[in-house]
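So this one's work_27.txt, compact mmCIF, C-alpha atoms and all ligand atoms:
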# COMPACT_ATOMS: atom_id res chain seq x y z
CA MET R 1 -16.91 21.63 -14.30
CA LYS R 2 -18.18 20.21 -11.03
CA ALA R 3 -21.78 20.00 -9.80
CA LEU R 4 -22.99 19.41 -6.27
CA VAL R 5 -26.39 17.70 -6.49
CA VAL R 6 -28.36 17.47 -3.26
CA GLY R 7 -30.96 14.69 -3.07
CA ALA R 8 -30.81 11.28 -4.79
CA GLY R 9 -34.51 11.05 -5.57
CA ILE R 10 -35.66 10.77 -9.17
CA ALA R 11 -34.79 14.38 -10.12
CA GLY R 12 -31.34 14.27 -8.49
CA LEU R 13 -30.35 10.93 -9.98
CA VAL R 14 -31.39 11.88 -13.51
CA THR R 15 -29.66 15.28 -13.27
CA ALA R 16 -26.47 13.61 -12.01
CA ARG R 17 -26.55 11.07 -14.84
CA GLN R 18 -27.08 13.64 -17.57
CA LEU R 19 -24.31 15.91 -16.30
CA GLY R 20 -21.99 12.93 -15.88
CA LEU R 21 -22.67 11.89 -19.49
CA ALA R 22 -21.83 15.46 -20.56
CA GLY R 23 -18.42 15.14 -18.89
CA TRP R 24 -19.06 16.90 -15.55
CA GLN R 25 -17.75 15.75 -12.20
CA VAL R 26 -20.77 15.24 -9.95
CA GLU R 27 -21.02 14.81 -6.19
CA LEU R 28 -24.50 13.52 -5.31
CA LEU R 29 -25.41 13.89 -1.63
CA GLU R 30 -28.37 12.02 -0.14
CA ARG R 31 -29.55 12.23 3.44
CA SER R 32 -31.04 8.75 3.74
CA ALA R 33 -28.81 5.74 4.26
CA GLY R 34 -29.73 4.20 0.88
CA PRO R 35 -32.42 4.36 -1.83
CA ARG R 36 -35.83 5.34 -0.40
CA LEU R 37 -38.10 2.30 -0.51
CA ASP R 38 -41.37 4.08 0.33
CA GLY R 39 -44.04 5.26 -2.04
CA TYR R 40 -47.08 4.19 -4.01
CA MET R 41 -47.91 3.56 -7.65
CA MET R 42 -47.39 6.58 -9.85
CA ASP R 43 -48.78 7.25 -13.30
CA PHE R 44 -46.05 7.94 -15.75
CA PHE R 45 -47.24 9.87 -18.77
CA GLY R 46 -46.69 13.21 -20.48
CA PRO R 47 -43.32 14.98 -20.73
CA GLY R 48 -41.41 12.40 -18.68
CA VAL R 49 -42.20 9.69 -21.22
CA ASP R 50 -40.74 11.65 -24.14
CA ALA R 51 -37.74 12.76 -22.08
CA SER R 52 -36.98 9.26 -20.81
CA VAL R 53 -37.14 7.86 -24.35
CA ARG R 54 -34.73 10.58 -25.50
CA ILE R 55 -32.17 10.01 -22.74
CA GLY R 56 -32.41 6.21 -22.88
CA LEU R 57 -34.11 5.66 -19.52
CA TYR R 58 -37.49 4.49 -20.82
CA PRO R 59 -36.61 0.77 -21.30
CA ARG R 60 -35.46 0.53 -17.67
CA LEU R 61 -38.68 2.13 -16.46
CA LYS R 62 -40.92 0.06 -18.72
CA ALA R 63 -39.29 -3.13 -17.44
CA THR R 64 -40.62 -2.38 -13.94
CA ALA R 65 -44.14 -1.29 -14.97
CA TYR R 66 -47.26 -2.92 -13.58
CA ARG R 67 -50.26 -4.00 -15.59
CA VAL R 68 -53.38 -2.19 -14.36
CA GLU R 69 -56.76 -3.26 -15.68
CA ALA R 70 -59.02 -0.97 -13.72
CA ALA R 71 -59.32 1.58 -10.96
CA GLN R 72 -62.27 0.70 -8.75
CA TYR R 73 -63.98 2.31 -5.78
CA VAL R 74 -65.35 -0.09 -3.18
CA ASP R 75 -67.51 0.30 -0.08
CA ALA R 76 -66.74 -1.15 3.39
CA GLU R 77 -68.29 -4.50 2.35
CA GLY R 78 -66.04 -4.70 -0.69
CA ARG R 79 -68.80 -3.97 -3.25
CA VAL R 80 -67.63 -2.03 -6.31
CA SER R 81 -69.44 1.33 -6.53
CA ALA R 82 -67.61 2.75 -9.55
CA SER R 83 -64.98 1.39 -11.87
CA LEU R 84 -62.76 2.80 -14.55
CA ASP R 85 -61.31 0.80 -17.47
CA TYR R 86 -57.59 1.58 -17.51
CA ASP R 87 -56.77 0.42 -21.04
CA ARG R 88 -59.29 2.86 -22.36
CA PHE R 89 -57.54 5.73 -20.61
CA ALA R 90 -54.14 4.54 -21.73
CA ARG R 91 -55.44 4.64 -25.30
CA LEU R 92 -56.79 8.16 -24.79
CA ALA R 93 -53.35 9.22 -23.56
CA GLY R 94 -51.82 7.88 -26.77
CA GLY R 95 -50.97 4.50 -25.21
CA LYS R 96 -48.10 6.09 -23.32
CA VAL R 97 -49.09 5.53 -19.70
CA LEU R 98 -46.99 3.36 -17.42
CA SER R 99 -47.94 2.46 -13.85
CA LEU R 100 -44.73 2.54 -11.84
CA LEU R 101 -44.02 2.04 -8.18
CA ARG R 102 -42.15 5.11 -6.90
CA PRO R 103 -39.26 3.11 -5.39
CA ASP R 104 -38.91 1.20 -8.68
CA MET R 105 -38.54 4.52 -10.53
CA GLU R 106 -35.84 5.58 -8.11
CA LYS R 107 -34.05 2.24 -8.45
CA ALA R 108 -34.19 2.44 -12.27
CA ALA R 109 -32.70 5.95 -12.21
CA LEU R 110 -29.99 4.77 -9.80
CA ALA R 111 -29.14 1.76 -11.98
CA ALA R 112 -28.87 4.07 -15.01
CA LEU R 113 -25.87 5.81 -13.44
CA GLU R 114 -23.88 2.84 -14.75
CA ASP R 115 -24.24 4.40 -18.24
CA VAL R 116 -21.79 7.13 -17.11
CA PRO R 117 -18.03 6.48 -17.43
CA ALA R 118 -16.53 5.48 -14.08
CA GLY R 119 -15.12 8.17 -11.82
CA ARG R 120 -17.43 11.01 -12.85
CA ILE R 121 -20.23 10.58 -10.30
CA ARG R 122 -19.71 10.10 -6.58
CA VAL R 123 -22.91 9.06 -4.80
CA ARG R 124 -22.81 9.64 -1.05
CA TYR R 125 -25.69 8.22 1.00
CA GLY R 126 -26.15 9.15 4.64
CA VAL R 127 -25.07 12.75 4.01
CA GLY R 128 -27.70 15.32 4.99
CA VAL R 129 -26.95 18.82 3.75
CA SER R 130 -27.35 21.36 6.55
CA GLY R 131 -25.97 24.52 4.91
CA ALA R 132 -25.56 25.89 1.37
CA THR R 133 -24.20 29.08 -0.22
CA ALA R 134 -24.02 30.21 -3.82
CA ASP R 135 -23.17 33.88 -3.53
CA ASP R 136 -19.55 34.05 -4.72
CA GLY R 137 -17.54 32.41 -7.53
CA ALA R 138 -18.09 28.91 -6.10
CA VAL R 139 -20.98 27.07 -4.48
CA ARG R 140 -20.60 25.30 -1.15
CA VAL R 141 -22.60 22.89 0.99
CA SER R 142 -21.93 21.74 4.50
CA PHE R 143 -23.29 18.49 5.79
CA ASP R 144 -23.68 16.23 8.75
CA GLY R 145 -23.13 12.54 8.33
CA ALA R 146 -20.39 10.05 8.93
CA GLU R 147 -17.80 12.87 8.78
CA ALA R 148 -19.18 16.39 9.23
CA ALA R 149 -17.57 18.44 6.44
CA GLU R 150 -18.24 20.53 3.37
CA SER R 151 -17.89 20.36 -0.42
CA ALA R 152 -17.45 23.00 -3.12
CA GLY R 153 -18.21 23.09 -6.85
CA ASP R 154 -19.18 25.35 -9.78
CA VAL R 155 -22.93 24.72 -9.67
CA LEU R 156 -25.29 23.70 -6.85
CA ILE R 157 -28.42 21.76 -7.76
CA GLY R 158 -31.11 21.40 -5.11
CA ALA R 159 -33.02 18.21 -5.96
CA ASP R 160 -33.95 17.62 -2.35
CA GLY R 161 -37.70 17.51 -2.62
CA ILE R 162 -40.63 19.47 -1.29
CA HIS R 163 -38.88 20.33 2.01
CA SER R 164 -35.63 21.27 0.25
CA SER R 165 -32.89 22.53 2.52
CA VAL R 166 -30.97 24.02 -0.43
CA ARG R 167 -34.07 26.15 -1.03
CA SER R 168 -34.20 27.24 2.61
CA HIS R 169 -30.53 28.18 2.70
CA VAL R 170 -30.29 29.89 -0.69
CA PHE R 171 -33.80 31.16 -1.47
CA GLY R 172 -35.49 31.60 1.91
CA PRO R 173 -37.70 29.72 4.38
CA GLU R 174 -40.20 27.05 3.33
CA GLU R 175 -43.23 29.06 4.53
CA GLN R 176 -42.66 31.53 1.69
CA TYR R 177 -43.12 28.87 -0.98
CA LEU R 178 -45.15 25.92 0.38
CA ARG R 179 -48.85 25.94 -0.62
CA PRO R 180 -50.67 23.21 1.35
CA LEU R 181 -53.74 21.71 -0.35
CA GLY R 182 -55.45 20.81 2.94
CA MET R 183 -54.64 17.11 3.06
CA ARG R 184 -51.90 14.63 3.91
CA ALA R 185 -50.79 11.49 2.08
CA ALA R 186 -49.15 8.42 3.58
CA ALA R 187 -47.63 5.56 1.56
CA PHE R 188 -46.21 2.26 2.76
CA ILE R 189 -45.74 -1.33 1.61
CA VAL R 190 -46.72 -4.39 3.64
CA ALA R 191 -46.28 -8.14 3.11
CA ASP R 192 -49.68 -9.89 3.06
CA PRO R 193 -50.07 -12.75 0.55
CA GLU R 194 -53.82 -13.10 1.10
CA LEU R 195 -54.54 -9.40 0.54
CA ASN R 196 -52.16 -9.46 -2.41
CA GLY R 197 -54.19 -12.21 -4.07
CA ARG R 198 -57.44 -10.26 -3.58
CA PHE R 199 -56.49 -7.06 -5.41
CA ARG R 200 -54.26 -8.06 -8.31
CA ASN R 201 -54.11 -5.78 -11.38
CA ARG R 202 -56.60 -3.29 -9.94
CA PHE R 203 -56.18 0.00 -8.16
CA THR R 204 -58.71 -0.34 -5.38
CA LEU R 205 -59.87 2.76 -3.51
CA SER R 206 -62.31 3.23 -0.64
CA ASP R 207 -65.40 5.14 -1.74
CA THR R 208 -65.37 7.36 1.33
CA ILE R 209 -65.84 10.94 2.44
CA ASP R 210 -62.89 13.03 3.68
CA ARG R 211 -60.42 10.13 3.45
CA THR R 212 -59.36 7.68 0.77
CA ALA R 213 -57.43 4.46 1.29
CA ALA R 214 -56.01 2.97 -1.91
CA LEU R 215 -54.19 -0.30 -2.37
CA TYR R 216 -52.49 -2.20 -5.12
CA SER R 217 -50.93 -5.69 -5.20
CA LEU R 218 -47.26 -5.90 -6.13
CA ARG R 219 -45.48 -8.72 -7.98
CA SER R 220 -44.15 -10.13 -4.71
CA ASP R 221 -46.55 -11.04 -1.90
CA GLU R 222 -46.71 -7.37 -0.93
CA VAL R 223 -49.39 -4.70 -1.10
CA ALA R 224 -48.71 -0.99 -1.63
CA ALA R 225 -50.98 1.36 0.31
CA LEU R 226 -51.75 5.04 -0.16
CA MET R 227 -53.83 6.90 2.42
CA VAL R 228 -55.01 10.43 1.76
CA TYR R 229 -56.84 12.35 4.47
CA ARG R 230 -57.73 15.84 5.63
CA ASP R 231 -54.89 17.63 7.36
CA ASN R 232 -56.15 18.21 10.88
CA GLY R 233 -52.89 19.55 12.31
CA PRO R 234 -49.81 18.02 13.91
CA LEU R 235 -49.58 14.72 15.77
CA THR R 236 -51.01 14.83 19.26
CA SER R 237 -48.61 14.30 22.16
CA GLY R 238 -47.08 10.82 22.19
CA GLU R 239 -48.84 9.82 18.95
CA THR R 240 -46.88 8.11 16.14
CA ARG R 241 -47.67 8.51 12.45
CA ARG R 242 -49.05 4.99 12.50
CA ASP R 243 -51.33 5.87 15.44
CA ARG R 244 -52.70 8.81 13.48
CA LEU R 245 -53.39 6.66 10.40
CA ARG R 246 -55.14 4.08 12.58
CA ARG R 247 -57.28 6.85 14.06
CA GLU R 248 -58.08 8.48 10.70
CA PHE R 249 -58.85 5.24 8.81
CA ALA R 250 -60.69 3.23 11.44
CA GLY R 251 -63.87 1.47 10.33
CA LEU R 252 -63.19 1.10 6.60
CA GLY R 253 -63.47 -2.66 6.55
CA ASP R 254 -61.25 -5.71 6.70
CA ALA R 255 -58.71 -4.86 3.97
CA VAL R 256 -57.89 -1.43 5.41
CA ASP R 257 -57.78 -2.84 8.95
CA ARG R 258 -55.18 -5.38 7.81
CA LEU R 259 -53.09 -2.67 6.17
CA LEU R 260 -53.20 -0.59 9.34
CA LYS R 261 -52.22 -3.56 11.47
CA LEU R 262 -49.09 -4.14 9.36
CA CYS R 263 -48.29 -0.44 8.80
CA PRO R 264 -44.75 0.51 9.92
CA GLU R 265 -44.52 2.86 12.90
CA ASP R 266 -43.07 5.74 10.89
CA PRO R 267 -44.31 5.50 7.28
CA TYR R 268 -43.85 8.19 4.62
CA ASP R 269 -46.60 10.67 5.54
CA ASP R 270 -46.41 14.23 4.30
CA VAL R 271 -48.53 17.26 3.52
CA VAL R 272 -50.07 17.31 0.05
CA ALA R 273 -48.73 20.62 -1.19
CA GLN R 274 -47.22 22.55 -4.03
CA ILE R 275 -44.09 24.69 -4.18
CA VAL R 276 -44.60 28.04 -5.89
CA MET R 277 -41.56 30.30 -6.29
CA PRO R 278 -40.94 33.50 -8.25
CA ARG R 279 -37.41 32.36 -9.15
CA TRP R 280 -35.71 28.94 -9.26
CA HIS R 281 -32.10 29.98 -9.82
CA THR R 282 -29.66 32.50 -8.44
CA GLY R 283 -25.94 32.77 -9.18
CA GLY R 284 -24.67 29.22 -9.58
CA ALA R 285 -27.57 27.57 -7.72
CA VAL R 286 -30.75 26.06 -9.16
CA LEU R 287 -33.63 23.92 -7.94
CA VAL R 288 -35.17 21.02 -9.87
CA GLY R 289 -38.04 18.56 -9.30
CA ASP R 290 -40.30 18.99 -6.27
CA ALA R 291 -37.83 21.44 -4.67
CA CYS R 292 -38.92 24.26 -7.00
CA GLY R 293 -42.16 23.07 -8.58
CA ALA R 294 -43.90 20.32 -6.62
CA VAL R 295 -47.27 19.76 -8.27
CA SER R 296 -48.64 17.40 -5.53
CA LEU R 297 -49.48 13.76 -5.94
CA LEU R 298 -52.96 14.79 -7.06
CA ALA R 299 -51.57 15.99 -10.40
CA GLY R 300 -50.22 12.47 -10.96
CA GLN R 301 -47.14 13.89 -12.65
CA GLY R 302 -44.44 14.24 -9.97
CA GLY R 303 -42.24 11.48 -11.37
CA SER R 304 -42.81 12.44 -14.99
CA LEU R 305 -41.97 16.09 -14.39
CA ALA R 306 -38.94 15.20 -12.25
CA ILE R 307 -37.45 13.21 -15.13
CA ALA R 308 -38.35 15.71 -17.86
CA GLY R 309 -37.10 18.70 -15.85
CA ALA R 310 -33.84 16.96 -14.94
CA ALA R 311 -33.27 15.89 -18.55
CA LEU R 312 -33.79 19.44 -19.80
CA LEU R 313 -31.46 20.82 -17.12
CA GLY R 314 -28.84 18.30 -18.23
CA ASP R 315 -29.26 19.28 -21.91
CA LEU R 316 -28.79 22.97 -21.19
CA LEU R 317 -26.16 22.84 -18.45
CA GLY R 318 -24.13 19.93 -19.86
CA PRO R 319 -22.28 21.95 -22.56
CA ALA R 320 -21.36 24.86 -20.18
CA ASN R 321 -17.60 25.35 -19.78
CA SER R 322 -17.51 28.26 -17.37
CA ARG R 323 -19.47 29.61 -14.47
CA ALA R 324 -20.88 32.38 -16.72
CA GLU R 325 -22.10 29.86 -19.30
CA ALA R 326 -23.58 27.78 -16.50
CA GLU R 327 -25.53 30.75 -15.13
CA ASP R 328 -26.95 31.44 -18.60
CA ALA R 329 -27.96 27.79 -18.87
CA LEU R 330 -29.78 27.90 -15.51
CA ALA R 331 -31.74 30.98 -16.62
CA GLU R 332 -32.68 29.28 -19.88
CA PHE R 333 -33.74 26.14 -17.99
CA GLU R 334 -36.15 28.13 -15.85
CA ARG R 335 -37.49 30.09 -18.83
CA ARG R 336 -38.26 26.91 -20.77
CA TRP R 337 -39.46 24.63 -17.99
CA ARG R 338 -41.62 26.95 -15.87
CA PRO R 339 -44.72 26.99 -18.15
CA THR R 340 -45.01 23.17 -18.07
CA VAL R 341 -44.75 23.08 -14.28
CA GLU R 342 -47.29 25.86 -13.84
CA THR R 343 -49.80 24.08 -16.11
CA ALA R 344 -49.43 20.87 -14.08
CA GLN R 345 -49.84 22.81 -10.83
CA THR R 346 -53.15 24.22 -12.05
CA SER R 347 -54.33 20.69 -12.80
CA GLY R 348 -53.17 19.49 -9.35
CA ARG R 349 -55.10 22.25 -7.58
CA ARG R 350 -58.24 21.36 -9.53
CA ALA R 351 -57.89 17.68 -8.62
CA ALA R 352 -57.54 18.63 -4.94
CA SER R 353 -61.14 19.81 -4.84
CA THR R 354 -62.48 16.48 -6.16
CA PHE R 355 -60.10 13.86 -4.74
CA LEU R 356 -61.60 13.87 -1.26
CA PRO R 357 -65.38 14.40 -1.42
CA ALA R 358 -66.51 16.49 1.55
CA ASN R 359 -70.06 15.09 1.62
CA ARG R 360 -72.40 12.47 0.15
CA ALA R 361 -73.46 14.69 -2.74
CA GLN R 362 -69.87 15.14 -3.88
CA ARG R 363 -69.24 11.43 -3.59
CA LEU R 364 -72.31 10.68 -5.68
CA LEU R 365 -71.13 13.12 -8.30
CA ARG R 366 -67.79 11.35 -8.49
CA ARG R 367 -69.53 8.01 -9.04
CA TRP R 368 -71.65 9.46 -11.84
CA VAL R 369 -68.67 11.01 -13.57
CA ILE R 370 -66.77 7.73 -13.46
CA ARG R 371 -69.76 5.82 -14.81
CA ALA R 372 -70.19 8.39 -17.59
CA THR R 373 -66.71 7.59 -18.85
CA ARG R 374 -68.03 4.26 -20.12
CA LEU R 375 -70.17 6.10 -22.64
CA PRO R 376 -68.75 6.18 -26.14
CA GLY R 377 -67.27 9.53 -27.13
CA VAL R 378 -66.57 10.69 -23.62
CA ASP R 379 -64.52 13.82 -23.74
CA ARG R 380 -60.81 13.12 -23.83
CA LEU R 381 -59.98 15.90 -21.39
CA VAL R 382 -62.49 14.67 -18.83
CA ALA R 383 -61.00 11.22 -19.16
CA ARG R 384 -57.50 12.50 -18.54
CA GLN R 385 -58.59 14.56 -15.57
CA ILE R 386 -60.20 11.52 -13.98
CA LEU R 387 -57.14 9.45 -14.69
CA ARG R 388 -55.03 11.97 -12.79
CA THR R 389 -57.51 12.30 -9.97
CA ILE R 390 -58.01 8.63 -9.37
CA ALA R 391 -54.73 6.95 -10.01
CA THR R 392 -52.18 9.08 -8.25
C1 LIG U 401 -40.35 8.44 0.40
C2 LIG U 401 -41.17 9.15 -0.66
C3 LIG U 401 -42.39 8.58 -1.08
C4 LIG U 401 -43.16 9.22 -2.05
N1 LIG U 401 -44.33 8.63 -2.44
C5 LIG U 401 -45.05 9.20 -3.44
C6 LIG U 401 -46.25 8.57 -3.90
O1 LIG U 401 -46.66 7.54 -3.43
N2 LIG U 401 -46.95 9.19 -4.91
C7 LIG U 401 -46.50 10.36 -5.48
O2 LIG U 401 -47.16 10.87 -6.41
N3 LIG U 401 -45.38 10.98 -5.04
C8 LIG U 401 -44.63 10.42 -4.05
N4 LIG U 401 -43.48 11.03 -3.62
C9 LIG U 401 -43.07 12.26 -4.28
C10 LIG U 401 -42.40 11.96 -5.61
O3 LIG U 401 -41.31 11.10 -5.40
C11 LIG U 401 -41.93 13.25 -6.22
O4 LIG U 401 -43.04 14.10 -6.49
C12 LIG U 401 -41.21 13.09 -7.54
O5 LIG U 401 -40.57 11.86 -7.69
C13 LIG U 401 -40.16 14.19 -7.69
O6 LIG U 401 -39.10 13.82 -6.89
P1 LIG U 401 -37.86 14.66 -6.47
O7 LIG U 401 -36.66 13.86 -6.90
O8 LIG U 401 -37.94 16.08 -6.91
O9 LIG U 401 -37.99 14.68 -4.88
P2 LIG U 401 -38.06 13.48 -3.85
O10 LIG U 401 -38.55 12.24 -4.44
O11 LIG U 401 -38.76 14.01 -2.66
O12 LIG U 401 -36.50 13.24 -3.49
C14 LIG U 401 -35.77 14.16 -2.72
C15 LIG U 401 -34.59 13.45 -2.09
O13 LIG U 401 -33.80 14.41 -1.39
C16 LIG U 401 -33.39 13.86 -0.17
N5 LIG U 401 -33.11 14.96 0.75
C17 LIG U 401 -34.01 15.78 1.35
N6 LIG U 401 -33.37 16.68 2.12
C18 LIG U 401 -32.05 16.43 2.01
C19 LIG U 401 -30.88 17.02 2.55
N7 LIG U 401 -30.95 18.06 3.40
N8 LIG U 401 -29.66 16.51 2.23
C20 LIG U 401 -29.57 15.45 1.39
N9 LIG U 401 -30.66 14.84 0.82
C21 LIG U 401 -31.87 15.34 1.13
C22 LIG U 401 -34.58 13.00 0.26
O14 LIG U 401 -34.19 12.02 1.19
C23 LIG U 401 -35.01 12.39 -1.07
O15 LIG U 401 -34.35 11.20 -1.35
C24 LIG U 401 -42.71 10.45 -2.63
C25 LIG U 401 -41.49 11.01 -2.21
C26 LIG U 401 -40.71 10.37 -1.25
C27 LIG U 401 -39.38 11.00 -0.79

Would you put the structure from the file into structure tokens?
Amino acid sequence: MKALVVGAGIAGLVTARQLGLAGWQVELLERSAGPRLDGYMMDFFGPGVDASVRIGLYPRLKATAYRVEAAQYVDAEGRVSASLDYDRFARLAGGKVLSLLRPDMEKAALAALEDVPAGRIRVRYGVGVSGATADDGAVRVSFDGAEAAESAGDVLIGADGIHSSVRSHVFGPEEQYLRPLGMRAAAFIVADPELNGRFRNRFTLSDTIDRTAALYSLRSDEVAALMVYRDNGPLTSGETRRDRLRREFAGLGDAVDRLLKLCPEDPYDDVVAQIVMPRWHTGGAVLVGDACGAVSLLAGQGGSLAIAGAALLGDLLGPANSRAEAEDALAEFERRWRPTVETAQTSGRRAASTFLPANRAQRLLRRWVIRATRLPGVDRLVARQILRTIAT
């Protein structure tokens, strides 16, 4: 059996590995020229932890994890206005919370392809899929790239993220499924040894209205930045993404100014949104990860769900020996995985209303809630919700 997997993000890499281990031939097509190096720190807890332990990926992920002591909100002068003890929340989540940099997760999943016997997986970077069909006995994709061409297989797996082109070609246009949450998120990494020394082991967030700048020091001399802000429409004429971030985040103090000065011209900067679809599979095609069920970074579970969903897809599809068996496996995957994704989407939508306070009263409320978590016996669910809201 042969699978065409589109997108070598976390979901695509794990799906490719699991199918390769089950004996499939896999062609993995990725638009970018190599692994994507953008992204911020992501909490890794919940279903992805159990799945990664089961499939043997957990040790690779744990090896890259960062030690976080606290998440703290600061004002423009650098004074801490609210702070959250991270160990306490890790304990409440059963001790199974890792803080992982998104590119490190992708690199770990890529390195894990070496577990698959040689010759089963062909990874092709620089190949952007521009057409896909799954309506007859075989599935086909066409692509641009070094050599414009096409490939065919038994099953097509769209793991190409929130703006999936497999979804557009096989299931219909993005507007039918994208649910914007009213904000954008940008993430980039800059080299700044001085800033790096200032914020070690702490998620630091600006305690601001309508925009939040977050930063975290990496093991090198770098700093990872996440900037979340209200979506006020497209770029104005001649404006770069960096220009827009400089406009949106002006006046937040020295640390943010330094980040903005070093920000690349075209950082990762996307709508914060969910994907909601009535059906994730049709014929021999299926979607996995953000392509079918993006929960938004506010749910704090994108990476975890990508791994768990891909592992389940591999479990169910791996043993299939015919197109008919594969189609049954895709239906079973959707039946079993959909409830988990929908629960996480509900949590992501709830977090959206508290992540960016719209006024002073809402900001004050957030401070009080965070302070209340220091009280003994604080409700476990509240604690988890805050963990998701703050440390995305
Ligand atoms: C650069 C980047 C930075 C991110 N930063 C954060 C973050 O800081 N915090 C957070 O919570 N989430 C972040 N995310 C989202 C997070 O990675 C996902 O929610 C989660 O990992 C699920 O990933 P996925 O594999 O389903 O999709 P993605 O991680 O989006 O991967 C999809 C892959 O498909 C590729 N692709 C897209 N279209 C095509 C095409 N036509 N042909 C071939 N390949 C294609 C993309 O280049 C990408 O590599 C980021 C995603 C990206 C791509």

Next on the checklist: I'd like to know which of R:Asp85, R:Asp269, R:Glu239, R:Glu325 is closest to ligand LIG 401 (chain U), using only C-alpha atoms and all ligand atoms.
Outcome noted: R:Asp269

Next on the checklist: Quick one: residues within 10 Å of Gly56 (chain R), only C-alpha atoms, excluding same-chain residues fewer than 4 positions away - as a list in words?
Outcome noted: Ala51, Ser52, Arg60, Leu61, Ala112 and Asp115 of chain R

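The nearest approach to Leu330 (chain R) among the residues R:Pro234, R:Leu218, R:Pro47, R:Leu156, with all atoms listed in the file taken into account, belongs to R:Leu156.
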
Checklist entry - Could you name the residues that touch region 16-19 of chain R at 12 Å or less, counting all atoms listed in the file, but leaving out those on the same chain fewer than 5 positions away, as a ChimeraX atom specification? => result /R:1-11,24-29,51-52,54-57,108-118,120-123,155-159,288,307-320,326

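Here CA of Glu174 (chain R) is placed at a distance of 25.5 Å from CA of Arg242 (chain R).
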
Can you work out which residues are within 6 Å of ligand LIG 401 (chain U), considering only C-alpha atoms and all ligand atoms, and then hand them over as an mmCIF file with C-alpha atoms, in the frame of the given file?
data_model
loop_
_atom_site.group_PDB
_atom_site.id
_atom_site.type_symbol
_atom_site.label_atom_id
_atom_site.label_comp_id
_atom_site.auth_asym_id
_atom_site.auth_seq_id
_atom_site.Cartn_x
_atom_site.Cartn_y
_atom_site.Cartn_z
ATOM 1 C CA VAL R 6 -28.360 17.470 -3.260
ATOM 2 C CA GLY R 7 -30.960 14.690 -3.070
ATOM 3 C CA ALA R 8 -30.810 11.280 -4.790
ATOM 4 C CA GLY R 9 -34.510 11.050 -5.570
ATOM 5 C CA ILE R 10 -35.660 10.770 -9.170
ATOM 6 C CA ALA R 11 -34.790 14.380 -10.120
ATOM 7 C CA GLY R 12 -31.340 14.270 -8.490
ATOM 8 C CA LEU R 29 -25.410 13.890 -1.630
ATOM 9 C CA GLU R 30 -28.370 12.020 -0.140
ATOM 10 C CA ARG R 31 -29.550 12.230 3.440
ATOM 11 C CA SER R 32 -31.040 8.750 3.740
ATOM 12 C CA ARG R 36 -35.830 5.340 -0.400
ATOM 13 C CA ASP R 38 -41.370 4.080 0.330
ATOM 14 C CA GLY R 39 -44.040 5.260 -2.040
ATOM 15 C CA TYR R 40 -47.080 4.190 -4.010
ATOM 16 C CA MET R 41 -47.910 3.560 -7.650
ATOM 17 C CA MET R 42 -47.390 6.580 -9.850
ATOM 18 C CA VAL R 127 -25.070 12.750 4.010
ATOM 19 C CA GLY R 128 -27.700 15.320 4.990
ATOM 20 C CA VAL R 129 -26.950 18.820 3.750
ATOM 21 C CA SER R 130 -27.350 21.360 6.550
ATOM 22 C CA ALA R 159 -33.020 18.210 -5.960
ATOM 23 C CA ASP R 160 -33.950 17.620 -2.350
ATOM 24 C CA GLY R 161 -37.700 17.510 -2.620
ATOM 25 C CA ILE R 162 -40.630 19.470 -1.290
ATOM 26 C CA SER R 164 -35.630 21.270 0.250
ATOM 27 C CA SER R 165 -32.890 22.530 2.520
ATOM 28 C CA ALA R 187 -47.630 5.560 1.560
ATOM 29 C CA TYR R 268 -43.850 8.190 4.620
ATOM 30 C CA GLY R 289 -38.040 18.560 -9.300
ATOM 31 C CA ASP R 290 -40.300 18.990 -6.270
ATOM 32 C CA ALA R 291 -37.830 21.440 -4.670
ATOM 33 C CA LEU R 297 -49.480 13.760 -5.940
ATOM 34 C CA GLY R 300 -50.220 12.470 -10.960
ATOM 35 C CA GLY R 302 -44.440 14.240 -9.970
ATOM 36 C CA GLY R 303 -42.240 11.480 -11.370
ATOM 37 C CA ALA R 306 -38.940 15.200 -12.250
ATOM 38 C CA THR R 392 -52.180 9.080 -8.250
#

Checklist entry - So how far away is CA of Asp270 (chain R) from CA of Ala186 (chain R), in Å? => result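 CA of Ala186 (chain R) sits 6.5 Å away from CA of Asp270 (chain R).
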
Could you give me, as a compact mmCIF listing (two decimals) with C-alpha atoms, in the frame of the given file, the residues within 10 Å of Ala185 (chain R), counting only C-alpha atoms and dropping anything in the same chain fewer than 2 positions from it?
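Saved as out09.txt:
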# COMPACT_ATOMS: atom_id res chain seq x y z
CA MET R 183 -54.64 17.11 3.06
CA ALA R 187 -47.63 5.56 1.56
CA ARG R 211 -60.42 10.13 3.45
CA THR R 212 -59.36 7.68 0.77
CA ALA R 213 -57.43 4.46 1.29
CA LEU R 226 -51.75 5.04 -0.16
CA MET R 227 -53.83 6.90 2.42
CA VAL R 228 -55.01 10.43 1.76
CA TYR R 229 -56.84 12.35 4.47
CA ARG R 230 -57.73 15.84 5.63
CA ASP R 231 -54.89 17.63 7.36
CA LEU R 245 -53.39 6.66 10.40
CA TYR R 268 -43.85 8.19 4.62
CA ASP R 269 -46.60 10.67 5.54
CA ASP R 270 -46.41 14.23 4.30
CA VAL R 271 -48.53 17.26 3.52
CA VAL R 272 -50.07 17.31 0.05
CA ALA R 273 -48.73 20.62 -1.19
CA SER R 296 -48.64 17.40 -5.53
CA LEU R 297 -49.48 13.76 -5.94
CA LEU R 298 -52.96 14.79 -7.06
